[in-house]
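Participant: My questions will all concern the structure given below.
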Amino acid sequence: MVEIEGYNMPEDLYYSDRHLWVKKESDGTLTVGFDDMAQKLIGKVMFVRLPKPETQVALGKDFGTVESMKWVERLKSPVTGTVKEVNPQLRTMPGLVNKDSYSSGWIMKIRPTGNVDEELSKLVHGATLTDWLKKEIEEKARKAQKT
């Protein structure tokens, strides 16, 4: 686990520049969720709009939205594939994203259709996580100073 300035990021996950994590499951599916920085920046999650199962998602393309008391954020897919399942608990308990973003607050499971290893190699993972998180925290601080 990498922890910097209160942001916790498990090292075994892959992270997109939009602060979504991806976990490669033993059955080949990919689980996607919000990382700790995302859920803290978003604030209290009020609603999550997700695609239906069997919907095609493409790397970098919108697949849903998350609404908080602060704003509405478009979600962009970190991988290409077919939605296998969405987290049914988020319909009635969207706050799971805030309470447990790496476990019960997961967003969706995807059956990859693209080149999984190539797509995952473009995400932040392992040894590069610490430097990336430091840069993200610095960027957040710069943006906060401008407002």
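Ligands are numbered from 1 in the order shown, residues from 1 within each chain, and chains are lettered A, B, ... in the order they appear in the structure tokens.
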Neighbours of Arg111 (chain A) within 7 Å (only C-alpha atoms; same-chain residues fewer than 4 positions away dropped), as a ChimeraX atom specification?
Facilitator: /A:29-30,81-84
Participant: Please write the residues from the selection above to a file, keeping all heavy atoms, as a short mmCIF file (atom, residue, chain, number, x, y, z; two decimals), in the first residue's frame.
Facilitator:
```cif
data_model
loop_
_atom_site.label_atom_id
_atom_site.label_comp_id
_atom_site.auth_asym_id
_atom_site.auth_seq_id
_atom_site.Cartn_x
_atom_site.Cartn_y
_atom_site.Cartn_z
N THR A 29 -11.61 -11.31 -15.90
CA THR A 29 -12.37 -10.06 -15.92
C THR A 29 -11.57 -8.96 -15.23
O THR A 29 -10.61 -9.23 -14.50
CB THR A 29 -13.75 -10.20 -15.22
OG1 THR A 29 -13.53 -10.58 -13.86
CG2 THR A 29 -14.63 -11.21 -15.93
N LEU A 30 -11.99 -7.74 -15.47
CA LEU A 30 -11.35 -6.57 -14.87
C LEU A 30 -12.38 -5.85 -14.02
O LEU A 30 -13.45 -5.50 -14.50
CB LEU A 30 -10.82 -5.64 -15.96
CG LEU A 30 -9.85 -6.26 -16.96
CD1 LEU A 30 -9.56 -5.30 -18.10
CD2 LEU A 30 -8.56 -6.68 -16.27
N GLY A 81 -13.80 -3.21 -23.48
CA GLY A 81 -14.44 -4.49 -23.22
C GLY A 81 -15.95 -4.40 -23.17
O GLY A 81 -16.55 -3.41 -23.60
N THR A 82 -16.55 -5.43 -22.61
CA THR A 82 -18.00 -5.54 -22.46
C THR A 82 -18.31 -5.57 -20.97
O THR A 82 -17.69 -6.33 -20.22
CB THR A 82 -18.51 -6.84 -23.11
OG1 THR A 82 -18.12 -6.85 -24.48
CG2 THR A 82 -20.03 -6.93 -23.02
N VAL A 83 -19.26 -4.76 -20.56
CA VAL A 83 -19.65 -4.73 -19.15
C VAL A 83 -20.28 -6.07 -18.80
O VAL A 83 -21.28 -6.47 -19.40
CB VAL A 83 -20.63 -3.57 -18.85
CG1 VAL A 83 -21.10 -3.62 -17.40
CG2 VAL A 83 -19.99 -2.23 -19.17
N LYS A 84 -19.69 -6.75 -17.86
CA LYS A 84 -20.20 -8.03 -17.39
C LYS A 84 -21.22 -7.81 -16.27
O LYS A 84 -22.26 -8.47 -16.22
CB LYS A 84 -19.04 -8.89 -16.87
CG LYS A 84 -19.45 -10.22 -16.30
CD LYS A 84 -18.23 -10.97 -15.80
CE LYS A 84 -18.66 -12.25 -15.09
NZ LYS A 84 -17.53 -12.92 -14.47
#
```
Participant: Could you list, as an mmCIF file with C-alpha atoms, in the first residue's frame, every residue within 9 Å of region 21-26 of chain A, counting only C-alpha atoms and ignoring same-chain residues fewer than 3 positions away?
Facilitator:
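File produced: result-v7.cif:
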```
data_model
loop_
_atom_site.group_PDB
_atom_site.id
_atom_site.type_symbol
_atom_site.label_atom_id
_atom_site.label_comp_id
_atom_site.auth_asym_id
_atom_site.auth_seq_id
_atom_site.Cartn_x
_atom_site.Cartn_y
_atom_site.Cartn_z
ATOM 1 C CA ASP A 12 -1.394 -4.350 -6.913
ATOM 2 C CA LEU A 13 -3.975 -2.248 -8.802
ATOM 3 C CA TYR A 14 -3.652 -0.292 -12.056
ATOM 4 C CA TYR A 15 -4.642 3.412 -12.030
ATOM 5 C CA SER A 16 -5.915 5.682 -14.803
ATOM 6 C CA THR A 29 -12.374 -10.061 -15.917
ATOM 7 C CA LEU A 30 -11.349 -6.572 -14.871
ATOM 8 C CA THR A 31 -12.931 -4.862 -11.864
ATOM 9 C CA VAL A 32 -13.032 -1.051 -11.979
ATOM 10 C CA GLY A 33 -13.547 1.441 -9.159
ATOM 11 C CA PHE A 34 -12.633 4.902 -7.868
ATOM 12 C CA ASP A 35 -9.271 5.344 -6.219
ATOM 13 C CA PRO A 78 -9.637 2.748 -18.465
ATOM 14 C CA VAL A 79 -9.961 -0.364 -20.690
ATOM 15 C CA TYR A 102 -11.430 -0.621 -3.078
ATOM 16 C CA LEU A 120 -2.938 -2.111 -18.605
ATOM 17 C CA LEU A 123 -1.898 2.653 -16.586
#
```
Participant: Based on DSSP run over this structure's backbone, return all residues of region 2-146 of chain A in alpha helix (DSSP H), as a ChimeraX atom specification.
Facilitator: /A:36-42,89-92,96-99,116-121,129-146
Participant: Take the residues from that selection and put them in a file with N, CA, C and O atoms, as a compact mmCIF listing (two decimals), in the first residue's frame.
Facilitator:
```
# COMPACT_ATOMS: atom_id res chain seq x y z
N ASP A 36 -8.71 6.22 -4.04
CA ASP A 36 -8.92 7.00 -2.82
C ASP A 36 -8.90 8.50 -3.09
O ASP A 36 -9.68 9.25 -2.51
N MET A 37 -8.01 8.95 -3.96
CA MET A 37 -7.95 10.38 -4.27
C MET A 37 -9.26 10.84 -4.92
O MET A 37 -9.81 11.88 -4.57
N ALA A 38 -9.76 10.06 -5.86
CA ALA A 38 -11.00 10.42 -6.54
C ALA A 38 -12.15 10.55 -5.56
O ALA A 38 -12.87 11.56 -5.57
N GLN A 39 -12.34 9.56 -4.71
CA GLN A 39 -13.49 9.60 -3.81
C GLN A 39 -13.37 10.75 -2.82
O GLN A 39 -14.36 11.34 -2.44
N LYS A 40 -12.14 11.12 -2.44
CA LYS A 40 -11.97 12.25 -1.52
C LYS A 40 -12.21 13.58 -2.23
O LYS A 40 -12.80 14.49 -1.66
N LEU A 41 -11.74 13.70 -3.46
CA LEU A 41 -11.95 14.94 -4.22
C LEU A 41 -13.41 15.13 -4.61
O LEU A 41 -13.92 16.26 -4.60
N ILE A 42 -14.07 14.04 -4.95
CA ILE A 42 -15.49 14.11 -5.34
C ILE A 42 -16.34 14.55 -4.16
O ILE A 42 -17.28 15.30 -4.30
N GLN A 89 -25.31 -2.51 -5.59
CA GLN A 89 -25.46 -1.78 -4.33
C GLN A 89 -25.33 -0.27 -4.51
O GLN A 89 -25.86 0.50 -3.70
N LEU A 90 -24.65 0.16 -5.57
CA LEU A 90 -24.46 1.60 -5.78
C LEU A 90 -25.76 2.33 -6.11
O LEU A 90 -25.85 3.54 -5.93
N ARG A 91 -26.76 1.60 -6.58
CA ARG A 91 -28.06 2.23 -6.88
C ARG A 91 -28.71 2.80 -5.62
O ARG A 91 -29.26 3.89 -5.63
N THR A 92 -28.65 2.03 -4.55
CA THR A 92 -29.30 2.47 -3.31
C THR A 92 -28.32 2.99 -2.27
O THR A 92 -28.72 3.68 -1.35
N LEU A 96 -21.09 3.97 -0.82
CA LEU A 96 -20.09 2.91 -0.71
C LEU A 96 -18.79 3.31 -1.39
O LEU A 96 -17.72 2.88 -0.99
N VAL A 97 -18.90 4.15 -2.41
CA VAL A 97 -17.71 4.66 -3.09
C VAL A 97 -16.81 5.37 -2.09
O VAL A 97 -15.60 5.22 -2.12
N ASN A 98 -17.41 6.15 -1.19
CA ASN A 98 -16.63 6.88 -0.18
C ASN A 98 -16.17 5.98 0.96
O ASN A 98 -15.06 6.12 1.45
N LYS A 99 -17.03 5.06 1.37
CA LYS A 99 -16.73 4.24 2.54
C LYS A 99 -15.72 3.14 2.25
O LYS A 99 -14.90 2.81 3.11
N VAL A 116 -5.52 -6.57 -23.48
CA VAL A 116 -5.53 -6.25 -22.05
C VAL A 116 -4.16 -5.85 -21.55
O VAL A 116 -4.01 -4.82 -20.88
N ASP A 117 -3.15 -6.64 -21.86
CA ASP A 117 -1.81 -6.34 -21.35
C ASP A 117 -1.31 -4.99 -21.86
O ASP A 117 -0.69 -4.23 -21.13
N GLU A 118 -1.59 -4.69 -23.12
CA GLU A 118 -1.17 -3.41 -23.69
C GLU A 118 -1.91 -2.26 -23.01
O GLU A 118 -1.30 -1.25 -22.65
N GLU A 119 -3.22 -2.40 -22.83
CA GLU A 119 -3.98 -1.33 -22.18
C GLU A 119 -3.56 -1.14 -20.73
O GLU A 119 -3.40 -0.01 -20.27
N LEU A 120 -3.36 -2.23 -20.01
CA LEU A 120 -2.94 -2.11 -18.61
C LEU A 120 -1.54 -1.52 -18.49
O LEU A 120 -1.24 -0.80 -17.53
N SER A 121 -0.68 -1.77 -19.47
CA SER A 121 0.68 -1.23 -19.42
C SER A 121 0.69 0.30 -19.52
O SER A 121 1.67 0.93 -19.13
N LEU A 129 3.90 4.06 -9.02
CA LEU A 129 2.77 4.60 -8.28
C LEU A 129 3.14 5.75 -7.36
O LEU A 129 2.45 6.78 -7.33
N THR A 130 4.21 5.64 -6.61
CA THR A 130 4.58 6.67 -5.65
C THR A 130 4.85 8.01 -6.34
O THR A 130 4.30 9.04 -5.93
N ASP A 131 5.66 8.01 -7.38
CA ASP A 131 5.97 9.26 -8.10
C ASP A 131 4.72 9.85 -8.73
O ASP A 131 4.51 11.06 -8.70
N TRP A 132 3.88 9.01 -9.32
CA TRP A 132 2.65 9.48 -9.94
C TRP A 132 1.73 10.13 -8.91
O TRP A 132 1.20 11.22 -9.14
N LEU A 133 1.56 9.49 -7.76
CA LEU A 133 0.69 10.03 -6.73
C LEU A 133 1.22 11.36 -6.21
O LEU A 133 0.45 12.30 -6.01
N LYS A 134 2.52 11.48 -6.03
CA LYS A 134 3.11 12.75 -5.59
C LYS A 134 2.80 13.86 -6.60
O LYS A 134 2.44 14.97 -6.23
N LYS A 135 2.94 13.56 -7.89
CA LYS A 135 2.64 14.55 -8.94
C LYS A 135 1.16 14.93 -8.93
O LYS A 135 0.81 16.10 -9.11
N GLU A 136 0.28 13.96 -8.73
CA GLU A 136 -1.15 14.24 -8.68
C GLU A 136 -1.49 15.15 -7.49
O GLU A 136 -2.31 16.05 -7.61
N ILE A 137 -0.86 14.91 -6.36
CA ILE A 137 -1.09 15.73 -5.17
C ILE A 137 -0.58 17.15 -5.42
O ILE A 137 -1.26 18.14 -5.07
N GLU A 138 0.59 17.29 -6.04
CA GLU A 138 1.13 18.61 -6.36
C GLU A 138 0.20 19.34 -7.32
O GLU A 138 -0.05 20.54 -7.17
N GLU A 139 -0.32 18.64 -8.33
CA GLU A 139 -1.24 19.25 -9.30
C GLU A 139 -2.52 19.71 -8.61
O GLU A 139 -3.03 20.80 -8.89
N LYS A 140 -3.03 18.89 -7.72
CA LYS A 140 -4.23 19.27 -6.97
C LYS A 140 -3.97 20.54 -6.15
O LYS A 140 -4.80 21.44 -6.12
N ALA A 141 -2.81 20.63 -5.53
CA ALA A 141 -2.46 21.81 -4.73
C ALA A 141 -2.35 23.05 -5.61
O ALA A 141 -2.81 24.13 -5.24
N ARG A 142 -1.75 22.90 -6.82
CA ARG A 142 -1.65 24.04 -7.75
C ARG A 142 -3.03 24.53 -8.16
O ARG A 142 -3.29 25.73 -8.20
N LYS A 143 -3.92 23.60 -8.48
CA LYS A 143 -5.27 23.99 -8.88
C LYS A 143 -6.00 24.68 -7.75
O LYS A 143 -6.76 25.62 -7.96
N ALA A 144 -5.81 24.20 -6.51
CA ALA A 144 -6.47 24.80 -5.36
C ALA A 144 -5.98 26.22 -5.14
O ALA A 144 -6.76 27.09 -4.72
N GLN A 145 -4.72 26.50 -5.41
CA GLN A 145 -4.17 27.85 -5.25
C GLN A 145 -4.75 28.81 -6.26
O GLN A 145 -4.89 30.00 -5.99
N LYS A 146 -5.10 28.32 -7.44
CA LYS A 146 -5.65 29.17 -8.51
C LYS A 146 -7.09 29.60 -8.23
O LYS A 146 -7.55 30.59 -8.76
```
Participant: Would you mind writing down, as a PyMOL selection string, each residue of chain A that DSSP on the backbone assigns to strand (DSSP E or B)?
Facilitator: chain A and resi 2-4+7-9+14-15+20-24+30-34+45-49+56-57+62-68+72-76+81-86+108-112+124
Participant: Neighbouring residues of region 48-56 of chain A were defined as those with any atom within 10 Å, considering only C-alpha atoms; residues of the same chain fewer than 4 positions away were excluded. Please report them as an mmCIF file with N, CA, C and O atoms, in the first residue's frame.
Facilitator:
```cif
data_model
loop_
_atom_site.group_PDB
_atom_site.id
_atom_site.type_symbol
_atom_site.label_atom_id
_atom_site.label_comp_id
_atom_site.auth_asym_id
_atom_site.auth_seq_id
_atom_site.Cartn_x
_atom_site.Cartn_y
_atom_site.Cartn_z
ATOM 1 N N ASP A 62 -16.461 7.850 -22.538
ATOM 2 C CA ASP A 62 -17.409 7.969 -21.425
ATOM 3 C C ASP A 62 -18.230 6.697 -21.273
ATOM 4 O O ASP A 62 -18.649 6.099 -22.264
ATOM 5 N N PHE A 63 -18.462 6.312 -20.017
ATOM 6 C CA PHE A 63 -19.334 5.166 -19.767
ATOM 7 C C PHE A 63 -20.371 5.447 -18.684
ATOM 8 O O PHE A 63 -21.257 4.647 -18.461
ATOM 9 N N GLY A 64 -20.302 6.578 -18.030
ATOM 10 C CA GLY A 64 -21.255 6.890 -16.974
ATOM 11 C C GLY A 64 -20.882 8.188 -16.290
ATOM 12 O O GLY A 64 -19.997 8.913 -16.751
ATOM 13 N N THR A 65 -21.584 8.477 -15.206
ATOM 14 C CA THR A 65 -21.308 9.687 -14.431
ATOM 15 C C THR A 65 -21.396 9.389 -12.942
ATOM 16 O O THR A 65 -22.045 8.426 -12.527
ATOM 17 N N VAL A 66 -20.753 10.232 -12.180
ATOM 18 C CA VAL A 66 -20.884 10.201 -10.731
ATOM 19 C C VAL A 66 -21.254 11.612 -10.297
ATOM 20 O O VAL A 66 -20.708 12.587 -10.807
ATOM 21 N N GLU A 67 -22.248 11.687 -9.404
ATOM 22 C CA GLU A 67 -22.696 12.988 -8.916
ATOM 23 C C GLU A 67 -22.432 13.086 -7.425
ATOM 24 O O GLU A 67 -22.698 12.156 -6.670
ATOM 25 N N SER A 68 -21.912 14.233 -7.037
ATOM 26 C CA SER A 68 -21.702 14.502 -5.627
ATOM 27 C C SER A 68 -22.370 15.832 -5.309
ATOM 28 O O SER A 68 -22.984 16.449 -6.180
ATOM 29 N N VAL A 72 -20.800 17.052 -11.056
ATOM 30 C CA VAL A 72 -21.058 15.828 -11.820
ATOM 31 C C VAL A 72 -19.804 15.560 -12.641
ATOM 32 O O VAL A 72 -19.291 16.456 -13.309
ATOM 33 N N GLU A 73 -19.310 14.350 -12.557
ATOM 34 C CA GLU A 73 -18.084 13.971 -13.264
ATOM 35 C C GLU A 73 -18.385 12.865 -14.261
ATOM 36 O O GLU A 73 -19.038 11.877 -13.925
ATOM 37 N N ARG A 74 -17.923 13.034 -15.501
ATOM 38 C CA ARG A 74 -18.025 11.975 -16.503
ATOM 39 C C ARG A 74 -16.952 10.932 -16.231
ATOM 40 O O ARG A 74 -15.810 11.272 -15.936
ATOM 41 N N LEU A 75 -17.332 9.685 -16.345
ATOM 42 C CA LEU A 75 -16.405 8.581 -16.127
ATOM 43 C C LEU A 75 -15.905 8.077 -17.472
ATOM 44 O O LEU A 75 -16.703 7.838 -18.383
ATOM 45 N N THR A 80 -10.872 -1.428 -22.674
ATOM 46 C CA THR A 80 -11.876 -1.757 -23.682
ATOM 47 C C THR A 80 -12.486 -3.107 -23.346
ATOM 48 O O THR A 80 -11.772 -4.035 -22.970
ATOM 49 N N GLY A 81 -13.805 -3.208 -23.482
ATOM 50 C CA GLY A 81 -14.445 -4.488 -23.224
ATOM 51 C C GLY A 81 -15.948 -4.398 -23.168
ATOM 52 O O GLY A 81 -16.553 -3.411 -23.596
ATOM 53 N N THR A 82 -16.553 -5.435 -22.612
ATOM 54 C CA THR A 82 -17.995 -5.542 -22.457
ATOM 55 C C THR A 82 -18.307 -5.571 -20.965
ATOM 56 O O THR A 82 -17.686 -6.328 -20.215
ATOM 57 N N VAL A 83 -19.261 -4.758 -20.556
ATOM 58 C CA VAL A 83 -19.646 -4.728 -19.147
ATOM 59 C C VAL A 83 -20.279 -6.072 -18.798
ATOM 60 O O VAL A 83 -21.275 -6.474 -19.401
ATOM 61 N N LYS A 84 -19.690 -6.746 -17.857
ATOM 62 C CA LYS A 84 -20.203 -8.032 -17.387
ATOM 63 C C LYS A 84 -21.220 -7.812 -16.274
ATOM 64 O O LYS A 84 -22.258 -8.466 -16.217
ATOM 65 N N GLU A 85 -20.904 -6.846 -15.406
ATOM 66 C CA GLU A 85 -21.739 -6.608 -14.228
ATOM 67 C C GLU A 85 -21.447 -5.212 -13.695
ATOM 68 O O GLU A 85 -20.327 -4.729 -13.789
ATOM 69 N N VAL A 86 -22.482 -4.559 -13.171
ATOM 70 C CA VAL A 86 -22.283 -3.310 -12.444
ATOM 71 C C VAL A 86 -22.626 -3.573 -10.982
ATOM 72 O O VAL A 86 -23.364 -4.503 -10.668
ATOM 73 N N ASN A 87 -22.072 -2.773 -10.103
ATOM 74 C CA ASN A 87 -22.295 -2.966 -8.672
ATOM 75 C C ASN A 87 -23.733 -2.570 -8.335
ATOM 76 O O ASN A 87 -24.060 -1.387 -8.320
ATOM 77 N N PRO A 88 -24.606 -3.541 -8.066
ATOM 78 C CA PRO A 88 -26.017 -3.230 -7.814
ATOM 79 C C PRO A 88 -26.223 -2.415 -6.536
ATOM 80 O O PRO A 88 -27.212 -1.685 -6.425
ATOM 81 N N LEU A 90 -24.653 0.164 -5.569
ATOM 82 C CA LEU A 90 -24.463 1.602 -5.776
ATOM 83 C C LEU A 90 -25.759 2.328 -6.112
ATOM 84 O O LEU A 90 -25.845 3.536 -5.933
ATOM 85 N N ARG A 91 -26.759 1.598 -6.582
ATOM 86 C CA ARG A 91 -28.058 2.233 -6.878
ATOM 87 C C ARG A 91 -28.705 2.795 -5.621
ATOM 88 O O ARG A 91 -29.258 3.887 -5.635
ATOM 89 N N THR A 92 -28.654 2.030 -4.552
ATOM 90 C CA THR A 92 -29.304 2.466 -3.311
ATOM 91 C C THR A 92 -28.320 2.994 -2.272
ATOM 92 O O THR A 92 -28.718 3.683 -1.349
ATOM 93 N N MET A 93 -27.040 2.647 -2.439
ATOM 94 C CA MET A 93 -26.015 3.090 -1.491
ATOM 95 C C MET A 93 -24.789 3.629 -2.231
ATOM 96 O O MET A 93 -23.697 3.060 -2.152
ATOM 97 N N PRO A 94 -24.923 4.754 -2.954
ATOM 98 C CA PRO A 94 -23.787 5.278 -3.703
ATOM 99 C C PRO A 94 -22.623 5.683 -2.801
ATOM 100 O O PRO A 94 -21.473 5.727 -3.242
ATOM 101 N N GLY A 95 -22.897 5.919 -1.530
ATOM 102 C CA GLY A 95 -21.855 6.286 -0.581
ATOM 103 C C GLY A 95 -20.835 5.195 -0.326
ATOM 104 O O GLY A 95 -19.794 5.448 0.299
ATOM 105 N N VAL A 97 -18.901 4.155 -2.412
ATOM 106 C CA VAL A 97 -17.712 4.657 -3.093
ATOM 107 C C VAL A 97 -16.812 5.371 -2.086
ATOM 108 O O VAL A 97 -15.596 5.216 -2.116
ATOM 109 N N ILE A 107 -17.157 -0.321 -9.042
ATOM 110 C CA ILE A 107 -18.123 0.222 -10.001
ATOM 111 C C ILE A 107 -18.668 -0.850 -10.939
ATOM 112 O O ILE A 107 -19.871 -1.028 -11.056
ATOM 113 N N MET A 108 -17.765 -1.512 -11.661
ATOM 114 C CA MET A 108 -18.221 -2.502 -12.652
ATOM 115 C C MET A 108 -17.143 -3.531 -12.921
ATOM 116 O O MET A 108 -15.978 -3.332 -12.593
ATOM 117 N N LYS A 109 -17.574 -4.627 -13.538
ATOM 118 C CA LYS A 109 -16.675 -5.691 -13.977
ATOM 119 C C LYS A 109 -16.777 -5.766 -15.498
ATOM 120 O O LYS A 109 -17.885 -5.708 -16.048
ATOM 121 N N ILE A 110 -15.633 -5.877 -16.134
ATOM 122 C CA ILE A 110 -15.552 -5.842 -17.597
ATOM 123 C C ILE A 110 -14.893 -7.119 -18.112
ATOM 124 O O ILE A 110 -13.887 -7.570 -17.559
ATOM 125 N N ARG A 111 -15.480 -7.671 -19.181
ATOM 126 C CA ARG A 111 -14.810 -8.739 -19.938
ATOM 127 C C ARG A 111 -13.994 -8.016 -21.010
ATOM 128 O O ARG A 111 -14.571 -7.392 -21.915
ATOM 129 N N PRO A 112 -12.680 -8.038 -20.894
ATOM 130 C CA PRO A 112 -11.874 -7.287 -21.860
ATOM 131 C C PRO A 112 -11.988 -7.850 -23.267
ATOM 132 O O PRO A 112 -12.084 -9.057 -23.454
ATOM 133 N N THR A 113 -11.990 -6.949 -24.248
ATOM 134 C CA THR A 113 -12.004 -7.358 -25.647
ATOM 135 C C THR A 113 -10.816 -6.782 -26.395
ATOM 136 O O THR A 113 -10.527 -7.204 -27.499
#
```
